[in-house]
Amino acid sequence: MNPLSDMIATLIANQGPLAISDYMALALGHPQHGYYMKQVPLGEKGDFTTAPEISQMFGELIGIWCADTWQRMGAPAEIALVELGPGRGTLMEDILRTLKVVPELLEAAEVHFVETSPALMAEQRARVPQATWHASIESLPEKPVLLIANEFFDALPIRQFQRTEQGWHERCLGLVPQENGGWDFALQLAPDPIPNTALLPLNVLDAPPGSVAETCPAAQSIAETLGAHLKRHGGAGLIIDYGHGESAPGDTLQAVRAHDYADPFADPGEADLTAHVDFAALAQCFAKGGAKIWPLTTQSAFLSMLGIIQRAKKLQASATPAQSRDIKAALHRLTDPGEMGTLFKVLTITAPDMAPPAGFDRA
Ligand code: SAH
């Protein structure tokens, strides 16, 4: 039996169908049974593997990006190195190791983590003990910032809407009775269409009946707040995630368990739930807050621009044959279009008055 399923079923029985966003928030964040609250989900033995867990090259190149960007900002004497959803702390550990060659930046930088999972905070503390932890972005220091978020925004709860002849209806989870006297979850639509379609991306509004549209209110509010922070205090950031560059209709909610796709509603709290990041919507919110948005690139193009091929060769030069094969495989996974190379995108954001960041200063 799954205690969270029972809890959610009771909630639905008492209060009516549950919006997908509320389901996702409970499945991921319920204090006792939420997926991120009780376990370390990442790595070979976990449910999924992220870029920093694939290879140290990923964090090293982001470290180089941080050093370069800090120089372009005019090397401020104080800077907050902020990571949203740092997972096991691997990315920041690799960044900080790389920054040893820029001791002035290490001196200037204070590490801040935004994290809600106690299990992952313990992992982060083991790798980056000097960090300061925040439950939300609201308490981040009033300083210039270098901001990193890898596979953070895909974990935030999405709302889903489905088009009918009447309009756009919120998609919810309801209960259907089973023959054995039990119940099962079933998707259903709220009876009335939403009165205000302004919250949906403009270019999905004309999608035909049956189409699904998604929004991520938490992502939007975080992006707007951070956009305002960049404008007020200066700085730059990288948002790296899987998703699409243009808003488009489609149901992208997915569950991953033991490195395989699963039913998102079968076992809440036991599988990772994510949705594609709508980078167009996200970028708009950063811009609304006051940040400057640079053209979206693919992970492959971004890592190539920072020299991943040269870095792989350098590492291979002093590697055993087995290590060398691992480096080649990691390079392939991170950059090949059939792997993470093009599905994963990189959004660069800066303070509005900042010089162009790496990759954008040449014609
Ligand atoms: N960036 C890491 C981990 C990605 S998994 C990596 O690339 O390996 C998503 C991360 O976001 C986890 O650390 C998770 O605990 C965190 N997270 C999810 N929802 C969050 C929220 N609402 N606020 C803060 N952190 C959150």
# chains A, B, ... in the order shown; residues from 1 in each chain; ligands from 1
>>> residues_near_ligand(ligand="ligand 1", cutoff="8 Å", atoms="only C-alpha atoms and all ligand atoms", output="MDAnalysis selection string")
chainID A and resid 28:29 36:37 41:42 49:53 83:91 114:117 120:121 135:136 149:156 218
>>> residues_around(residues="A:Leu11", least_positions_apart="5", cutoff="12 Å", atoms="only C-alpha atoms", output="CSV table (one decimal) with all heavy atoms, in the first residue's frame")
chain,number,residue,atom,x,y,z
A,4,LEU,N,0.7,7.7,0.7
A,4,LEU,CA,0.4,9.0,0.1
A,4,LEU,C,-0.8,8.8,-0.9
A,4,LEU,O,-1.6,9.7,-0.9
A,4,LEU,CB,1.6,9.5,-0.7
A,4,LEU,CG,1.6,10.9,-1.2
A,4,LEU,CD1,1.2,11.9,0.0
A,4,LEU,CD2,2.9,11.4,-1.7
A,5,SER,N,-0.9,7.7,-1.6
A,5,SER,CA,-2.1,7.4,-2.5
A,5,SER,C,-3.3,7.5,-1.6
A,5,SER,O,-4.3,8.1,-2.0
A,5,SER,CB,-2.0,6.0,-3.1
A,5,SER,OG,-1.3,6.0,-4.2
A,6,ASP,N,-3.3,6.8,-0.4
A,6,ASP,CA,-4.5,6.8,0.4
A,6,ASP,C,-4.8,8.2,0.9
A,6,ASP,O,-6.0,8.6,0.9
A,6,ASP,CB,-4.2,5.9,1.6
A,6,ASP,CG,-4.2,4.4,1.2
A,6,ASP,OD1,-4.7,4.1,0.1
A,6,ASP,OD2,-3.7,3.6,2.0
A,16,GLY,N,-13.2,16.9,-3.4
A,16,GLY,CA,-13.4,16.9,-4.8
A,16,GLY,C,-12.0,16.8,-5.5
A,16,GLY,O,-11.0,16.8,-4.9
A,17,PRO,N,-12.1,16.7,-6.9
A,17,PRO,CA,-10.9,16.5,-7.7
A,17,PRO,C,-9.8,17.5,-7.4
A,17,PRO,O,-10.0,18.6,-7.0
A,17,PRO,CB,-11.4,16.7,-9.1
A,17,PRO,CG,-12.9,16.4,-9.0
A,17,PRO,CD,-13.3,16.8,-7.7
A,18,LEU,N,-8.6,16.9,-7.5
A,18,LEU,CA,-7.3,17.6,-7.2
A,18,LEU,C,-6.6,18.1,-8.4
A,18,LEU,O,-6.4,17.3,-9.4
A,18,LEU,CB,-6.4,16.6,-6.4
A,18,LEU,CG,-5.2,17.1,-5.7
A,18,LEU,CD1,-5.7,18.0,-4.5
A,18,LEU,CD2,-4.4,15.9,-5.2
A,19,ALA,N,-6.3,19.4,-8.5
A,19,ALA,CA,-5.6,19.9,-9.7
A,19,ALA,C,-4.2,19.2,-9.8
A,19,ALA,O,-3.6,18.8,-8.8
A,19,ALA,CB,-5.3,21.4,-9.5
A,22,ASP,N,-1.5,20.4,-7.7
A,22,ASP,CA,-1.6,20.0,-6.2
A,22,ASP,C,-1.1,18.6,-6.1
A,22,ASP,O,-0.5,18.3,-5.1
A,22,ASP,CB,-3.0,20.2,-5.7
A,22,ASP,CG,-3.4,21.7,-5.7
A,22,ASP,OD1,-2.5,22.6,-5.6
A,22,ASP,OD2,-4.6,22.0,-5.8
A,23,TYR,N,-1.5,17.8,-7.0
A,23,TYR,CA,-1.0,16.4,-7.0
A,23,TYR,C,0.5,16.3,-7.0
A,23,TYR,O,1.2,15.7,-6.2
A,23,TYR,CB,-1.6,15.6,-8.1
A,23,TYR,CG,-1.0,14.2,-8.2
A,23,TYR,CD1,-1.4,13.2,-7.4
A,23,TYR,CD2,0.0,13.9,-9.1
A,23,TYR,CE1,-0.9,11.9,-7.4
A,23,TYR,CE2,0.5,12.6,-9.2
A,23,TYR,CZ,0.1,11.6,-8.3
A,23,TYR,OH,0.7,10.4,-8.4
A,26,LEU,N,2.2,17.5,-3.9
A,26,LEU,CA,2.2,16.5,-2.8
A,26,LEU,C,3.1,15.3,-3.1
A,26,LEU,O,3.8,14.8,-2.2
A,26,LEU,CB,0.7,15.9,-2.6
A,26,LEU,CG,-0.2,16.9,-1.9
A,26,LEU,CD1,-1.7,16.4,-2.0
A,26,LEU,CD2,0.1,17.0,-0.4
A,173,LEU,N,-7.3,15.3,-10.9
A,173,LEU,CA,-7.3,13.9,-10.6
A,173,LEU,C,-8.5,13.6,-9.7
A,173,LEU,O,-8.8,14.2,-8.7
A,173,LEU,CB,-6.0,13.6,-9.8
A,173,LEU,CG,-5.5,12.1,-9.8
A,173,LEU,CD1,-5.3,11.7,-11.2
A,173,LEU,CD2,-4.3,12.0,-8.9
A,174,GLY,N,-9.4,12.7,-10.2
A,174,GLY,CA,-10.6,12.3,-9.5
A,174,GLY,C,-10.5,10.8,-9.1
A,174,GLY,O,-9.4,10.1,-9.3
A,175,LEU,N,-11.5,10.3,-8.5
A,175,LEU,CA,-11.6,8.9,-8.1
A,175,LEU,C,-12.6,8.1,-8.9
A,175,LEU,O,-13.7,8.7,-9.1
A,175,LEU,CB,-11.9,8.7,-6.7
A,175,LEU,CG,-10.9,9.3,-5.7
A,175,LEU,CD1,-11.5,9.1,-4.2
A,175,LEU,CD2,-9.6,8.6,-5.8
>>> residues_around(residues="stretch 340-357 of chain A", least_positions_apart="6", cutoff="7 Å", atoms="only C-alpha atoms", output="ChimeraX atom specification")
/A:69,72-73,230-231,234-243,290-294,296-300,333-334
>>> write_last_selection(atoms="C-alpha atoms", output="PDB file, in the first residue's frame")
ATOM      1  CA  THR A  69      31.184  36.002 -16.196  1.00  0.00           C
ATOM      2  CA  ARG A  72      32.809  40.499 -17.373  1.00  0.00           C
ATOM      3  CA  MET A  73      30.827  41.901 -14.423  1.00  0.00           C
ATOM      4  CA  LEU A 230      19.476  40.678 -11.277  1.00  0.00           C
ATOM      5  CA  LYS A 231      18.227  44.105 -12.215  1.00  0.00           C
ATOM      6  CA  GLY A 234      23.582  42.811 -10.870  1.00  0.00           C
ATOM      7  CA  GLY A 235      24.751  39.408 -11.955  1.00  0.00           C
ATOM      8  CA  ALA A 236      24.010  36.604 -14.373  1.00  0.00           C
ATOM      9  CA  GLY A 237      22.612  33.107 -14.444  1.00  0.00           C
ATOM     10  CA  LEU A 238      22.316  29.833 -16.323  1.00  0.00           C
ATOM     11  CA  ILE A 239      19.065  27.895 -16.426  1.00  0.00           C
ATOM     12  CA  ILE A 240      19.745  24.414 -17.770  1.00  0.00           C
ATOM     13  CA  ASP A 241      16.915  21.981 -18.239  1.00  0.00           C
ATOM     14  CA  TYR A 242      15.039  19.815 -20.659  1.00  0.00           C
ATOM     15  CA  GLY A 243      12.212  21.475 -22.489  1.00  0.00           C
ATOM     16  CA  GLY A 290      13.900  43.161 -15.287  1.00  0.00           C
ATOM     17  CA  ALA A 291      16.645  40.755 -16.431  1.00  0.00           C
ATOM     18  CA  LYS A 292      18.102  40.607 -19.929  1.00  0.00           C
ATOM     19  CA  ILE A 293      17.457  37.361 -21.790  1.00  0.00           C
ATOM     20  CA  TRP A 294      19.991  35.945 -24.250  1.00  0.00           C
ATOM     21  CA  LEU A 296      18.356  30.043 -25.942  1.00  0.00           C
ATOM     22  CA  THR A 297      21.078  27.537 -26.854  1.00  0.00           C
ATOM     23  CA  THR A 298      21.251  23.776 -26.681  1.00  0.00           C
ATOM     24  CA  GLN A 299      23.329  22.042 -24.023  1.00  0.00           C
ATOM     25  CA  SER A 300      25.483  20.672 -26.823  1.00  0.00           C
ATOM     26  CA  ARG A 333      25.756  11.552 -23.332  1.00  0.00           C
ATOM     27  CA  LEU A 334      26.108  15.247 -22.558  1.00  0.00           C
TER      28      LEU A 334
END
>>> select_by_dssp(residues="stretch 109-274 of chain A", states="alpha helix (DSSP H)", output="list in words")
Pro118, Ala119, Leu120, Met121, Ala122, Glu123, Gln124, Arg125, Ala126, Arg127, Pro217, Ala218, Ala219, Gln220, Ser221, Ile222, Ala223, Glu224, Thr225, Leu226, Gly227, Ala228, His229, Leu230, Lys231, Arg232 and His233 of chain A
>>> atom_distance(atom1="atom CA of A:Pro295", atom2="atom CA of A:Ser55")
25.8 Å
>>> residues_around(residues="A:Tyr261", least_positions_apart="3", cutoff="12 Å", atoms="only C-alpha atoms", output="list of chain:residue names")
A:Asp47, A:Phe48, A:Leu253, A:Gln254, A:Ala255, A:Val256, A:Arg257, A:Ala258, A:Pro264, A:Phe265, A:Ala266, A:Ala271, A:Asp272, A:Leu273, A:Thr274
>>> atom_distance(atom1="atom CA of A:Pro321", atom2="atom CA of A:Pro337")
25.4 Å
>>> closest_residue(among="A:Gly167, A:Gly59, A:Pro103, A:Pro177", to="A:Ala13", atoms="only C-alpha atoms")
A:Pro177
>>> atom_distance(atom1="atom CA of A:Gly250", atom2="atom CA of A:Val212")
5.1 Å
>>> closest_residue(among="A:Ile20, A:Val277, A:Ile54, A:Tyr35", to="A:Asp326", atoms="only C-alpha atoms")
A:Ile54
>>> select_by_dssp(residues="stretch 130-326 of chain A", states="strand (DSSP E or B)", output="NGL selection string")
:A and (132-134 or 145-150 or 159-164 or 167-177 or 183-189 or 212-215 or 235-244 or 254-257 or 260-262 or 272-274 or 277-278 or 292-293 or 297-298)
>>> decode(residues="stretch 115-128 of chain A", atoms="N, CA and C atoms", output="PDB file, in the first residue's frame")
ATOM      1  N   GLU A 115      17.073  24.855  -1.360  1.00  0.00           N
ATOM      2  CA  GLU A 115      16.772  23.413  -1.329  1.00  0.00           C
ATOM      3  C   GLU A 115      15.683  23.140  -0.303  1.00  0.00           C
ATOM      4  N   THR A 116      14.807  22.176  -0.618  1.00  0.00           N
ATOM      5  CA  THR A 116      13.746  21.821   0.321  1.00  0.00           C
ATOM      6  C   THR A 116      13.889  20.404   0.854  1.00  0.00           C
ATOM      7  N   SER A 117      14.751  19.603   0.264  1.00  0.00           N
ATOM      8  CA  SER A 117      14.835  18.198   0.651  1.00  0.00           C
ATOM      9  C   SER A 117      15.880  17.961   1.747  1.00  0.00           C
ATOM     10  N   PRO A 118      15.445  17.486   2.921  1.00  0.00           N
ATOM     11  CA  PRO A 118      16.413  17.207   3.990  1.00  0.00           C
ATOM     12  C   PRO A 118      17.433  16.144   3.563  1.00  0.00           C
ATOM     13  N   ALA A 119      16.987  15.137   2.830  1.00  0.00           N
ATOM     14  CA  ALA A 119      17.904  14.062   2.409  1.00  0.00           C
ATOM     15  C   ALA A 119      19.001  14.633   1.505  1.00  0.00           C
ATOM     16  N   LEU A 120      18.611  15.516   0.585  1.00  0.00           N
ATOM     17  CA  LEU A 120      19.611  16.081  -0.328  1.00  0.00           C
ATOM     18  C   LEU A 120      20.458  17.155   0.365  1.00  0.00           C
ATOM     19  N   MET A 121      19.882  17.861   1.322  1.00  0.00           N
ATOM     20  CA  MET A 121      20.681  18.844   2.065  1.00  0.00           C
ATOM     21  C   MET A 121      21.838  18.154   2.777  1.00  0.00           C
ATOM     22  N   ALA A 122      21.602  16.970   3.306  1.00  0.00           N
ATOM     23  CA  ALA A 122      22.678  16.236   3.994  1.00  0.00           C
ATOM     24  C   ALA A 122      23.793  15.897   2.999  1.00  0.00           C
ATOM     25  N   GLU A 123      23.408  15.485   1.801  1.00  0.00           N
ATOM     26  CA  GLU A 123      24.407  15.179   0.747  1.00  0.00           C
ATOM     27  C   GLU A 123      25.185  16.439   0.379  1.00  0.00           C
ATOM     28  N   GLN A 124      24.452  17.553   0.262  1.00  0.00           N
ATOM     29  CA  GLN A 124      25.095  18.822  -0.124  1.00  0.00           C
ATOM     30  C   GLN A 124      26.076  19.269   0.962  1.00  0.00           C
ATOM     31  N   ARG A 125      25.673  19.077   2.219  1.00  0.00           N
ATOM     32  CA  ARG A 125      26.529  19.510   3.331  1.00  0.00           C
ATOM     33  C   ARG A 125      27.838  18.719   3.324  1.00  0.00           C
ATOM     34  N   ALA A 126      27.766  17.468   2.927  1.00  0.00           N
ATOM     35  CA  ALA A 126      28.974  16.641   2.897  1.00  0.00           C
ATOM     36  C   ALA A 126      29.956  17.141   1.829  1.00  0.00           C
ATOM     37  N   ARG A 127      29.456  17.689   0.731  1.00  0.00           N
ATOM     38  CA  ARG A 127      30.334  18.125  -0.358  1.00  0.00           C
ATOM     39  C   ARG A 127      30.679  19.607  -0.293  1.00  0.00           C
ATOM     40  N   VAL A 128      29.727  20.418   0.182  1.00  0.00           N
ATOM     41  CA  VAL A 128      29.946  21.873   0.224  1.00  0.00           C
ATOM     42  C   VAL A 128      29.539  22.390   1.612  1.00  0.00           C
TER      43      VAL A 128
END
